Each structure stands twice: as C-alpha cells, then as structure tokens.
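Novice: What follows is data_27.txt; its format and atoms are compact mmCIF, C-alpha atoms.
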```txt
# COMPACT_ATOMS: atom_id res chain seq x y z
CA MET A 148 42.93 -29.53 20.85
CA LYS A 149 43.78 -29.19 17.12
CA ILE A 150 40.12 -29.57 16.18
CA TYR A 151 39.12 -27.00 18.83
CA CYS A 152 41.72 -24.48 17.60
CA SER A 153 40.66 -25.07 14.03
CA ARG A 154 37.06 -24.26 14.90
CA ILE A 155 38.12 -21.06 16.60
CA PHE A 156 40.19 -20.10 13.56
CA TYR A 157 37.29 -20.55 11.15
CA PHE A 158 34.91 -18.81 13.52
CA LEU A 159 37.22 -15.78 13.61
CA LEU A 160 37.46 -15.83 9.81
CA PHE A 161 33.65 -15.79 9.66
CA ILE A 162 33.46 -12.84 12.05
CA ILE A 163 36.05 -10.91 10.03
CA PHE A 164 34.25 -11.66 6.78
CA PHE A 165 30.87 -10.68 8.23
CA SER A 166 32.22 -7.47 9.72
CA THR A 167 33.92 -6.51 6.47
CA SER A 168 30.78 -7.19 4.45
CA VAL A 169 28.69 -4.98 6.74
CA ARG A 170 31.25 -2.15 6.68
CA ALA A 171 30.14 -1.10 3.25
CA GLN A 172 32.44 1.91 3.02
CA LYS A 173 29.58 4.27 2.23
CA ILE A 174 30.51 7.65 0.83
CA GLU A 175 31.60 9.64 3.87
CA GLY A 176 31.30 13.36 4.49
CA LEU A 177 27.61 13.52 3.55
CA ALA A 178 24.61 14.37 5.76
CA LEU A 179 26.77 15.75 8.57
CA THR A 180 23.57 17.39 9.78
CA PRO A 181 20.13 15.79 9.26
CA PRO A 182 19.06 16.05 5.60
CA MET A 183 16.27 18.51 4.87
CA GLY A 184 14.03 18.61 1.83
CA TRP A 185 10.71 17.63 0.30
CA ASN A 186 9.35 14.22 -0.75
CA SER A 187 6.48 13.62 -3.16
CA TRP A 188 4.85 10.55 -1.56
CA ASN A 189 2.70 11.86 1.29
CA THR A 190 0.64 14.11 -0.96
CA PHE A 191 1.02 12.81 -4.52
CA GLN A 192 1.87 9.10 -4.23
CA THR A 193 2.58 8.01 -7.85
CA LYS A 194 0.82 11.01 -9.46
CA ILE A 195 4.04 12.83 -10.21
CA SER A 196 5.43 14.55 -13.31
CA GLU A 197 8.19 16.74 -14.68
CA GLN A 198 5.95 19.80 -14.33
CA LEU A 199 5.23 18.98 -10.69
CA VAL A 200 8.96 18.79 -9.96
CA LYS A 201 9.53 22.17 -11.59
CA ASP A 202 6.64 23.73 -9.71
CA ILE A 203 7.84 22.35 -6.38
CA ALA A 204 11.42 23.43 -7.03
CA ASP A 205 10.23 26.94 -7.86
CA LYS A 206 8.10 27.05 -4.73
CA MET A 207 10.93 25.80 -2.52
CA VAL A 208 12.88 28.87 -3.60
CA LYS A 209 10.03 31.41 -3.60
CA SER A 210 8.63 30.34 -0.20
CA GLY A 211 11.99 30.61 1.55
CA MET A 212 12.17 26.86 2.17
CA ARG A 213 15.49 26.55 0.35
CA ASP A 214 17.00 29.40 2.32
CA ALA A 215 15.74 27.81 5.53
CA GLY A 216 17.78 24.69 4.70
CA TYR A 217 15.46 22.45 2.65
CA THR A 218 17.95 21.21 0.07
CA TYR A 219 16.70 17.91 -1.35
CA LEU A 220 13.75 17.47 -3.70
CA VAL A 221 13.04 13.74 -3.71
CA LEU A 222 10.75 11.92 -6.14
CA ASP A 223 9.29 8.88 -4.44
CA ASP A 224 7.66 5.81 -6.02
CA GLY A 225 6.15 6.01 -9.50
CA TRP A 226 8.77 7.88 -11.53
CA MET A 227 9.68 4.92 -13.76
CA ALA A 228 8.02 2.83 -16.46
CA MET A 229 6.57 -0.57 -15.52
CA ASP A 230 9.38 -2.47 -17.29
CA ARG A 231 13.12 -2.11 -17.82
CA ASP A 232 14.54 -1.71 -21.32
CA LYS A 233 16.16 -4.52 -23.32
CA ASN A 234 19.49 -3.89 -21.57
CA GLY A 235 17.92 -4.07 -18.13
CA ASP A 236 18.14 -0.33 -17.48
CA LEU A 237 15.43 1.59 -15.67
CA ILE A 238 13.23 3.76 -17.88
CA PRO A 239 11.72 7.02 -16.65
CA ASP A 240 7.99 7.06 -17.41
CA PRO A 241 7.88 8.71 -20.88
CA ILE A 242 4.54 10.39 -20.21
CA LYS A 243 5.36 11.73 -16.74
CA PHE A 244 8.94 12.62 -17.65
CA PRO A 245 9.17 13.16 -21.43
CA ASN A 246 12.63 14.73 -21.18
CA GLY A 247 14.03 12.05 -18.90
CA ILE A 248 15.29 12.21 -15.33
CA LYS A 249 18.62 13.91 -16.03
CA ALA A 250 16.81 16.95 -17.44
CA VAL A 251 14.63 17.09 -14.32
CA ALA A 252 17.70 16.84 -12.10
CA ALA A 253 19.33 19.66 -14.08
CA TYR A 254 16.33 21.92 -13.49
CA VAL A 255 16.36 21.19 -9.76
CA HIS A 256 20.10 21.86 -9.60
CA SER A 257 19.62 25.17 -11.44
CA LYS A 258 17.53 26.32 -8.49
CA GLY A 259 20.30 25.68 -6.01
CA LEU A 260 18.69 22.45 -4.83
CA LYS A 261 19.64 18.76 -4.89
CA PHE A 262 17.65 15.94 -6.46
CA GLY A 263 16.70 12.50 -5.17
CA LEU A 264 14.98 9.35 -6.42
CA TYR A 265 13.33 6.27 -4.93
CA ASN A 266 13.65 2.55 -5.48
CA CYS A 267 13.28 -0.66 -3.54
CA ALA A 268 15.55 -3.49 -2.42
CA GLY A 269 13.03 -6.10 -3.55
CA THR A 270 11.91 -7.27 -6.97
CA LYS A 271 9.30 -4.51 -7.17
CA THR A 272 8.73 -1.14 -5.56
CA CYS A 273 5.84 -0.79 -3.13
CA ALA A 274 3.67 0.52 -6.00
CA GLY A 275 4.67 -2.36 -8.30
CA TYR A 276 7.36 -0.74 -10.46
CA PRO A 277 10.74 -2.44 -11.17
CA GLY A 278 12.73 -3.03 -7.99
CA THR A 279 16.50 -3.24 -7.73
CA ARG A 280 17.12 -6.83 -6.63
CA GLY A 281 19.82 -8.22 -8.91
CA TYR A 282 20.38 -4.84 -10.58
CA GLU A 283 22.15 -2.96 -7.78
CA TYR A 284 25.31 -1.95 -9.65
CA GLN A 285 23.46 -1.28 -12.89
CA ASP A 286 20.92 0.94 -11.15
CA ALA A 287 23.65 2.76 -9.22
CA ARG A 288 25.31 3.64 -12.53
CA PHE A 289 21.94 4.91 -13.80
CA TYR A 290 21.54 7.18 -10.76
CA ALA A 291 25.07 8.54 -11.09
CA ALA A 292 24.56 9.20 -14.83
CA ALA A 293 21.27 10.97 -14.05
CA ASP A 294 23.18 13.16 -11.58
CA ILE A 295 21.04 12.44 -8.52
CA ASP A 296 22.17 13.35 -5.02
CA TYR A 297 19.92 11.19 -2.81
CA LEU A 298 18.45 7.68 -2.95
CA LYS A 299 15.56 6.49 -0.80
CA PHE A 300 15.65 2.68 -0.79
CA ASP A 301 12.49 0.88 0.35
CA TRP A 302 11.83 -2.74 1.43
CA CYS A 303 8.77 -4.04 -0.44
CA TYR A 304 8.69 -7.38 -2.33
CA ALA A 305 11.82 -8.48 -0.48
CA ASP A 306 10.69 -11.93 0.66
CA GLY A 307 13.66 -14.18 1.39
CA GLN A 308 16.17 -11.32 1.36
CA GLN A 309 18.43 -10.35 4.24
CA ALA A 310 18.25 -6.63 4.98
CA ILE A 311 21.91 -6.27 5.97
CA GLU A 312 23.08 -7.97 2.78
CA SER A 313 20.65 -6.13 0.47
CA TYR A 314 21.37 -2.66 1.82
CA THR A 315 25.10 -3.30 2.04
CA THR A 316 25.19 -4.36 -1.61
CA MET A 317 23.38 -1.21 -2.69
CA SER A 318 25.65 0.93 -0.52
CA LYS A 319 28.72 -0.56 -2.16
CA ALA A 320 27.18 -0.06 -5.60
CA LEU A 321 26.58 3.64 -4.92
CA ALA A 322 30.08 4.10 -3.53
CA LYS A 323 31.53 2.39 -6.62
CA THR A 324 30.13 5.14 -8.85
CA GLY A 325 32.17 7.79 -7.05
CA LYS A 326 29.13 10.09 -7.12
CA PRO A 327 28.27 11.56 -3.68
CA ILE A 328 24.75 10.20 -3.12
CA VAL A 329 23.05 10.28 0.28
CA PHE A 330 21.70 6.79 0.99
CA SER A 331 18.41 6.60 2.89
CA LEU A 332 17.49 3.13 4.19
CA CYS A 333 13.72 2.64 4.40
CA GLU A 334 13.15 -0.86 5.80
CA TRP A 335 10.85 0.50 8.54
CA GLY A 336 13.10 -0.51 11.43
CA ASN A 337 12.15 -4.18 11.13
CA ASN A 338 15.78 -5.31 11.21
CA LYS A 339 17.01 -2.70 13.71
CA PRO A 340 19.30 -0.84 11.28
CA TRP A 341 20.57 1.42 14.05
CA HIS A 342 22.69 -1.58 15.12
CA TRP A 343 24.39 -2.17 11.76
CA ALA A 344 23.76 0.62 9.24
CA VAL A 345 26.25 3.24 10.40
CA HIS A 346 28.69 2.12 7.68
CA VAL A 347 25.94 1.39 5.16
CA GLY A 348 23.76 4.50 4.92
CA HIS A 349 23.38 8.07 6.06
CA LEU A 350 19.92 7.68 7.58
CA TRP A 351 17.57 4.82 8.35
CA ARG A 352 13.85 4.60 9.03
CA THR A 353 13.07 3.47 12.54
CA THR A 354 9.34 2.69 12.32
CA GLY A 355 6.45 2.07 9.97
CA ASP A 356 4.86 4.87 7.95
CA ILE A 357 3.54 8.00 9.59
CA GLY A 358 0.06 9.38 8.86
CA VAL A 359 -1.97 12.47 9.69
CA VAL A 360 -2.64 11.21 13.21
CA PHE A 361 -1.19 13.16 16.11
CA ASP A 362 -1.55 10.64 18.94
CA GLY A 363 -3.13 7.26 19.57
CA SER A 364 -4.34 5.04 16.74
CA LYS A 365 -6.72 5.85 13.91
CA LYS A 366 -7.61 3.86 10.81
CA LEU A 367 -7.42 5.80 7.55
CA GLY A 368 -9.33 3.78 4.97
CA ASP A 369 -7.78 0.30 4.95
CA TRP A 370 -4.55 1.53 6.56
CA THR A 371 -3.59 2.25 10.16
CA PRO A 372 -0.58 4.59 10.13
CA MET A 373 1.68 5.34 13.04
CA SER A 374 0.85 8.55 14.86
CA ALA A 375 3.48 11.24 15.37
CA MET A 376 3.48 10.70 19.13
CA ARG A 377 3.71 6.91 18.89
CA ILE A 378 6.81 7.31 16.73
CA LEU A 379 8.19 9.81 19.23
CA ASP A 380 7.83 7.29 22.06
CA PHE A 381 9.95 4.83 20.11
CA GLU A 382 12.72 7.30 19.24
CA ASP A 383 13.58 8.06 22.85
CA SER A 384 15.42 4.73 23.16
CA LEU A 385 17.57 5.26 20.04
CA ARG A 386 19.50 8.45 20.80
CA ASN A 387 22.82 6.59 21.27
CA TYR A 388 22.82 5.55 17.61
CA ALA A 389 22.46 8.91 15.86
CA GLY A 390 25.11 11.47 14.98
CA PRO A 391 26.76 13.34 12.12
CA GLY A 392 26.51 11.25 8.95
CA HIS A 393 24.16 8.61 10.43
CA TRP A 394 20.67 9.56 11.56
CA ASN A 395 17.59 7.91 12.98
CA ASP A 396 14.72 8.72 10.62
CA PRO A 397 11.23 8.83 12.19
CA ASP A 398 9.67 9.37 8.73
CA MET A 399 8.53 12.41 6.82
CA LEU A 400 6.74 15.46 8.17
CA GLU A 401 2.95 15.75 8.13
CA VAL A 402 3.02 19.50 8.76
CA GLY A 403 0.37 21.30 6.69
CA LYS A 404 -1.62 18.16 5.96
CA GLY A 405 -4.44 18.29 8.50
CA PHE A 406 -3.05 18.79 11.99
CA THR A 407 -4.14 21.76 14.09
CA PRO A 408 -1.67 24.68 14.21
CA GLY A 409 -0.53 23.55 17.66
CA GLU A 410 -0.06 19.97 16.48
CA ASP A 411 1.98 21.19 13.52
CA ARG A 412 4.24 23.09 15.92
CA ALA A 413 4.51 20.12 18.27
CA HIS A 414 5.24 17.60 15.51
CA PHE A 415 7.85 19.83 13.88
CA SER A 416 9.45 20.78 17.20
CA MET A 417 9.85 17.20 18.33
CA TRP A 418 11.42 16.13 15.02
CA CYS A 419 13.89 18.99 15.46
CA MET A 420 14.59 17.97 19.06
CA LEU A 421 15.26 14.43 17.77
CA ALA A 422 17.85 15.69 15.24
CA ALA A 423 15.65 13.97 12.67
CA PRO A 424 15.80 14.40 8.89
CA LEU A 425 13.21 17.03 7.94
CA MET A 426 11.39 15.97 4.78
CA ALA A 427 8.27 18.02 4.16
CA GLY A 428 5.43 16.15 2.46
CA ASN A 429 2.75 18.77 1.91
CA ASP A 430 1.74 20.45 -1.35
CA LEU A 431 4.08 23.43 -1.36
CA ARG A 432 2.16 25.04 -4.23
CA THR A 433 -0.87 25.69 -2.00
CA MET A 434 0.97 26.05 1.31
CA SER A 435 -0.57 28.54 3.74
CA VAL A 436 1.32 31.30 5.49
CA ALA A 437 0.78 29.45 8.78
CA THR A 438 2.31 26.25 7.41
CA THR A 439 5.26 28.15 5.96
CA SER A 440 5.85 29.83 9.31
CA VAL A 441 6.21 26.39 10.91
CA LEU A 442 8.36 24.69 8.28
CA ALA A 443 10.62 27.72 7.78
CA ASN A 444 11.14 28.69 11.44
CA LYS A 445 14.92 29.06 11.31
CA ALA A 446 15.36 29.27 15.07
CA VAL A 447 13.71 25.88 15.58
CA ILE A 448 15.51 24.43 12.54
CA GLU A 449 18.81 25.45 14.15
CA ILE A 450 17.97 23.03 16.97
CA ASP A 451 17.65 20.21 14.44
CA GLN A 452 20.76 21.23 12.51
CA ASP A 453 23.03 21.73 15.52
CA LYS A 454 26.46 20.37 14.61
CA LEU A 455 26.76 18.24 17.75
CA GLY A 456 24.06 16.03 16.24
CA ILE A 457 22.75 14.80 19.60
CA GLN A 458 19.14 13.69 19.96
CA ALA A 459 17.07 15.07 22.79
CA TYR A 460 16.00 12.86 25.65
CA ARG A 461 12.85 12.83 27.74
CA LEU A 462 13.72 14.23 31.15
CA SER A 463 10.27 13.91 32.69
CA LYS A 464 6.68 12.92 31.95
CA LYS A 465 3.78 13.90 34.21
CA ASP A 466 0.08 14.38 33.50
CA SER A 467 0.70 14.20 29.72
CA LEU A 468 3.24 17.02 29.99
CA GLU A 469 6.73 16.00 28.87
CA THR A 470 10.05 17.81 29.24
CA TRP A 471 12.71 17.10 26.61
CA MET A 472 16.31 18.36 26.73
CA LYS A 473 18.85 18.59 23.91
CA PRO A 474 22.49 19.69 24.36
CA LEU A 475 23.70 22.16 21.72
CA THR A 476 27.05 23.53 20.65
CA GLY A 477 28.66 26.28 22.70
CA GLY A 478 27.22 25.08 26.00
CA SER A 479 23.63 25.89 25.01
CA TRP A 480 20.52 23.75 25.55
CA ALA A 481 17.18 23.32 23.83
CA VAL A 482 14.24 22.61 26.12
CA CYS A 483 10.86 21.51 24.84
CA PHE A 484 7.73 21.22 26.98
CA LEU A 485 5.29 19.00 25.06
CA ASN A 486 1.63 18.91 26.06
CA ARG A 487 0.12 15.65 24.79
CA SER A 488 -3.13 16.25 26.70
CA LYS A 489 -6.36 17.43 25.13
CA ASN A 490 -6.44 20.11 27.81
CA ASP A 491 -4.18 23.06 28.59
CA ARG A 492 -1.36 22.34 31.05
CA PRO A 493 0.46 24.75 33.39
CA VAL A 494 4.24 24.91 33.53
CA ASP A 495 5.91 26.06 36.73
CA ILE A 496 9.69 25.66 36.57
CA ASP A 497 12.25 26.57 39.18
CA TRP A 498 15.44 26.24 37.14
CA ALA A 499 17.56 25.94 40.30
CA LEU A 500 15.86 22.59 40.98
CA GLN A 501 16.45 21.16 37.50
CA GLY A 502 20.05 19.91 37.79
CA PHE A 503 20.98 16.75 35.88
CA THR A 504 23.71 15.13 33.77
CA ASP A 505 23.27 13.88 30.21
CA THR A 506 25.19 10.61 30.14
CA LEU A 507 25.49 10.64 26.33
CA SER A 508 27.04 14.08 25.90
CA HIS A 509 28.46 14.18 29.46
CA ARG A 510 27.00 17.66 29.76
CA ILE A 511 25.80 18.94 33.11
CA PHE A 512 22.86 21.29 33.52
CA ASN A 513 23.12 23.24 36.76
CA SER A 514 21.61 26.72 36.63
CA VAL A 515 22.89 27.51 40.11
CA VAL A 516 26.47 27.25 38.88
CA THR A 517 25.83 28.32 35.26
CA GLN A 518 23.11 30.78 34.34
CA TYR A 519 21.35 31.00 30.98
CA LYS A 520 19.36 33.53 29.03
CA ILE A 521 16.12 32.14 27.60
CA LYS A 522 14.36 32.64 24.26
CA ASP A 523 10.92 31.35 23.25
CA LEU A 524 11.56 30.12 19.71
CA TRP A 525 7.96 30.08 18.49
CA LYS A 526 7.08 33.53 19.78
CA ASN A 527 10.58 34.84 18.92
CA LYS A 528 10.66 36.47 22.32
CA ASN A 529 13.37 36.80 24.95
CA LEU A 530 12.20 35.66 28.39
CA VAL A 531 13.64 36.05 31.86
CA ASN A 532 16.85 34.15 32.57
CA THR A 533 17.26 30.99 34.65
CA THR A 534 17.69 32.95 37.88
CA GLN A 535 13.90 33.37 37.84
CA LYS A 536 11.07 30.87 37.76
CA LEU A 537 9.13 30.18 34.58
CA LYS A 538 5.35 30.11 34.75
CA THR A 539 3.10 29.74 31.73
CA ILE A 540 0.28 27.71 30.17
CA ILE A 541 0.83 25.34 27.25
CA PRO A 542 -2.27 24.75 25.12
CA ALA A 543 -3.49 21.25 24.30
CA HIS A 544 -1.38 19.38 21.72
CA ASP A 545 1.15 22.18 21.60
CA VAL A 546 4.69 22.98 22.75
CA LEU A 547 6.88 25.55 24.38
CA VAL A 548 10.37 25.44 22.85
CA LEU A 549 13.13 27.34 24.60
CA ARG A 550 16.74 27.98 23.74
CA LEU A 551 19.04 28.44 26.72
CA ASP A 552 22.30 30.22 25.93
CA LEU A 553 25.06 30.97 28.41
CA LEU A 554 24.48 34.23 30.26
CA LYS A 555 27.73 36.13 30.17
CA SER A 556 28.57 38.34 33.12
```
Would you encode the structure as structure tokens?

Specialist:
Amino acid sequence: MKIYCSRIFYFLLFIIFFSTSVRAQKIEGLALTPPMGWNSWNTFQTKISEQLVKDIADKMVKSGMRDAGYTYLVLDDGWMAMDRDKNGDLIPDPIKFPNGIKAVAAYVHSKGLKFGLYNCAGTKTCAGYPGTRGYEYQDARFYAAADIDYLKFDWCYADGQQAIESYTTMSKALAKTGKPIVFSLCEWGNNKPWHWAVHVGHLWRTTGDIGVVFDGSKKLGDWTPMSAMRILDFEDSLRNYAGPGHWNDPDMLEVGKGFTPGEDRAHFSMWCMLAAPLMAGNDLRTMSVATTSVLANKAVIEIDQDKLGIQAYRLSKKDSLETWMKPLTGGSWAVCFLNRSKNDRPVDIDWALQGFTDTLSHRIFNSVVTQYKIKDLWKNKNLVNTTQKLKTIIPAHDVLVLRLDLLKS
C-alpha cells in the first residue's frame, strides 16, 4: 500500500510539473481579435530589404489597408546574417538592412503600424539562417530591444526537439522581457497545438503551407502546397479551440496572387468566417483595384473581427455547395454559401426551414420566432428579410456572404 501511494504521489507531482511547464504565462491581452497584417514570404521569400519594408508600410497606409485593420508588417525568413556575432547575438543582414532592425521598426511604427520578425525553434531557419535553439532568452531580449510587436516562430531543423517544450521556452522568454509581443506558433499542426498552446501563444498554424491552388492538389515545381479548400476542410473540426487571444491559423492569404476574382472572394470570405488571422502575402506595391477591393472589404472583415471570436461551422454540403454559419455579437449571424464546383450553382433558401442550434455558442437560429434583415456583403446591397425566400445563382468557385441582423419591429 505504501509503495502504491508513493507511486500515486510522484505521478501527481509529474502531472503538476508538466501542467505548469506548459502553462507558459504568455503575455495576455494581445490578439483579442485575429491579427491582421502583411507577411513578406509568399511573394518575396528571402529577397527582402529596408527599402521594401518602407515601400510596403507606405502602401499599407495609402491603399487603405491600415484603416481596414491590417496592423502588422511582418518580415519573414532572410532578414538576418548567416552567423551570429561573437556574443551570440543575431545580426541583421548589413546589406539588406544597413540601418539595423530597430530603425526599420521605428519607420513602421511611424506609419501607425506594428512590426514583426521571424525565426525558428530549430538550429536553423527554413532558409538556413541562425535558428533560436539554445538562444531563446538571448533572442527574446534582442526582439524586445529592437521594439518588435510580433514573432512568427517556425519549426525547421528541429530534429529531436519536443514542440511543447520548445515553444513553451520561447513563450516564457518573450514574457520575461515584459514587451507585449504577439507569439505566432508555426509548427504546421504536426503536434496538434490547439490542444496545448492556449497558454503558450496567441495563434498557431494548423496545417502545412498554403499555395496558389484553390482546390484539389497541384504540384508547383518540386513542391505540392495545400490548397485553400483542403485547409478549409481541416479547420471545420477545430472551432472549439479558437477564441479571443488564441486563434487557429490556416496560413497566410493568397489573395491577389493568381486566383480568379471569384476564388479571391471565396478564399478571403472563408478565412473571415473561420475567424482566422488575415495576413496578406501579395505585392502591395502593384496591387490592383480588384485585389484591394477584396482585402479591404470592411463589411467582410467585420465578420472576421467579431468580438465573440467564434469560428463558423459547416451546416450543410450538397452538390459542391456548402452553407457555413457564424454567430456574431448582438444576436447577428454571418452566412456564407460557398460554391466549390466548376459550374454555377442555384441557391433556393426558405429561411423558415433553416432552424438549428449551435452547440458551441448555444445560439439558436429560428427565423419563424426571430426575423432578420439581410445584407449581401460583397455587393453591399440590402436584400429581402428572412420572411421571404432567397433565390439566386452563385458562380463557380465563388461565394455569397450574407449578414443577418435582428429585424426590429
């Protein structure tokens, strides 16, 4: 009996220790809505510079992106020199960033934006630059001194490492600086961070890297990226894990990088329905009016930034036409009809037959008891209310996004 009790005692001590180590005490109060911004990787990879940052910051302001909510300008891989200095500190590439990172951050801040950097939990970054393994607290002090606001932390060259331990250590290091830095975990969902990262980071990648592929699978050179719709299929099972301050991250946006206009709308709409972080990845300097109209659609962005922070769920799927519902503050709903077919699809909705209960938010949709006014968010047009049927056609690879607000008598 004594031996048995002793084993239980030590087992409980282990559980307490493990739980405490995972509860990293990240900096709270950040990312209460999904972070929005721009990241350099999808277009520029490691071909980045101080001038590029300034140009992008200027364009974020001039294009209306900043005013639409895009706050963070994040430099991805390739901003540093290939070696640390004699003290082990990271060195900004002296050719790309002759005035250092702090000066770049200051310029970004002067535009009313926030600044982010990238590193990796392993010994090297994915592009082969110095990783953070063994330098977590030293690198955290570097980031705080450089006045950054956001850290994307990747998972390359991490053989033999435990994801929970590595990300928890970096989280603690950031918190130790006292500088409010949003922590973005980018280990591609391999270790199911939605189960353990709520106290570690503010957002976590859920899948591998996205590419300019709308649906299905397509090889791009020697790489097969995940399509936007394949990622979407995976996110539907993760809605219980997201909320203010801790978000599922289905990767950056591919809007303006080769999709059709309808696909751009569909991709952007579904990320907003998912309450996903919105990180644009296109070249803002050459952005078309059509691309700007998608990325800066404030009515659709409001769906993403709703303070309830609840992901949408797939209510139905028939003949490649999906219906997604998202509860919003004030008793409102967002409804998205997604046409994944290569052909146009008709929509014929009798709202009185659409009653259901969302078990996550405990919200009930019953348009017989409660009536709603309807707005088409892409056409910026008020439609009939839910006392009348909705009939329309949704083009191939496109969406109809509706906002349903309470109809006051």

Novice: For the point (2.1, 16.4, -11.2) in file coordinates, what residues are within 12 Å, counting all atoms listed in the file? Give the answer as a list in words?

Specialist: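 Answer for this query, in the requested form: Ser187, Trp188, Thr190, Phe191, Gln192, Thr193, Lys194, Ile195, Ser196, Glu197, Gln198, Leu199, Val200, Lys201, Asp202, Ile203, Leu222, Gly225, Trp226, Ile242, Lys243, Phe244, Asp430 and Arg432 of chain A.
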
Novice: Generate the output file for the selected residues, C-alpha atoms, as a short mmCIF file (atom, residue, chain, number, x, y, z; two decimals), keeping the file's coordinate frame.

Specialist:
```
data_model
loop_
_atom_site.label_atom_id
_atom_site.label_comp_id
_atom_site.auth_asym_id
_atom_site.auth_seq_id
_atom_site.Cartn_x
_atom_site.Cartn_y
_atom_site.Cartn_z
CA SER A 187 6.48 13.62 -3.16
CA TRP A 188 4.85 10.55 -1.56
CA THR A 190 0.64 14.11 -0.96
CA PHE A 191 1.02 12.81 -4.52
CA GLN A 192 1.87 9.10 -4.23
CA THR A 193 2.58 8.01 -7.85
CA LYS A 194 0.82 11.01 -9.46
CA ILE A 195 4.04 12.83 -10.21
CA SER A 196 5.43 14.55 -13.31
CA GLU A 197 8.19 16.74 -14.68
CA GLN A 198 5.95 19.80 -14.33
CA LEU A 199 5.23 18.98 -10.69
CA VAL A 200 8.96 18.79 -9.96
CA LYS A 201 9.53 22.17 -11.59
CA ASP A 202 6.64 23.73 -9.71
CA ILE A 203 7.84 22.35 -6.38
CA LEU A 222 10.75 11.92 -6.14
CA GLY A 225 6.15 6.01 -9.50
CA TRP A 226 8.77 7.88 -11.53
CA ILE A 242 4.54 10.39 -20.21
CA LYS A 243 5.36 11.73 -16.74
CA PHE A 244 8.94 12.62 -17.65
CA ASP A 430 1.74 20.45 -1.35
CA ARG A 432 2.16 25.04 -4.23
#
```

Novice: Tell me which protein, DNA and RNA residues are within 6 Å of range 253-261 of chain A, counting only C-alpha atoms, leaving out same-chain ones fewer than 4 positions away, and put them as a PDB file with C-alpha atoms, in the coordinates of the input.

Specialist:
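Saved file part_34.pdb follows:
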```pdb
ATOM      1  CA  THR A 218      17.950  21.210   0.070  1.00  0.00           C
ATOM      2  CA  TYR A 219      16.700  17.910  -1.350  1.00  0.00           C
ATOM      3  CA  ASP A 296      22.170  13.350  -5.020  1.00  0.00           C
TER       4      ASP A 296
END
```

Novice: Considering only C-alpha atoms, state which residue in the set A:Ala437, A:Leu321, A:Leu500, A:Ala422 is at the smallest distance from Phe289 in chain A.

Specialist: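 Between A:Ala437, A:Leu321, A:Leu500, A:Ala422, the residue approaching Phe289 in chain A most closely is A:Leu321.
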
Novice: Taking all atoms listed in the file into account, which of A:Ala178, A:Cys419, A:Val360, A:Cys267 comes nearest Ala375 in chain A?

Specialist: A:Val360

Novice: In Å, rounded to a single decimal, give me how far CA of Arg412 in chain A is from CA of Gly502 in chain A.

Specialist: 27.2 Å

Novice: Rank nothing, just name the residue among A:Val482, A:Ala291, A:Ile521, A:Leu179 nearest to Ile248 in chain A, using only C-alpha atoms.

Specialist: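 Using only C-alpha atoms, Ile248 in chain A sits closest to A:Ala291.
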
Novice: What does the structure give for the distance between CA of Leu431 in chain A and CA of Leu400 in chain A, in Å to one decimal?

Specialist: 12.7 Å
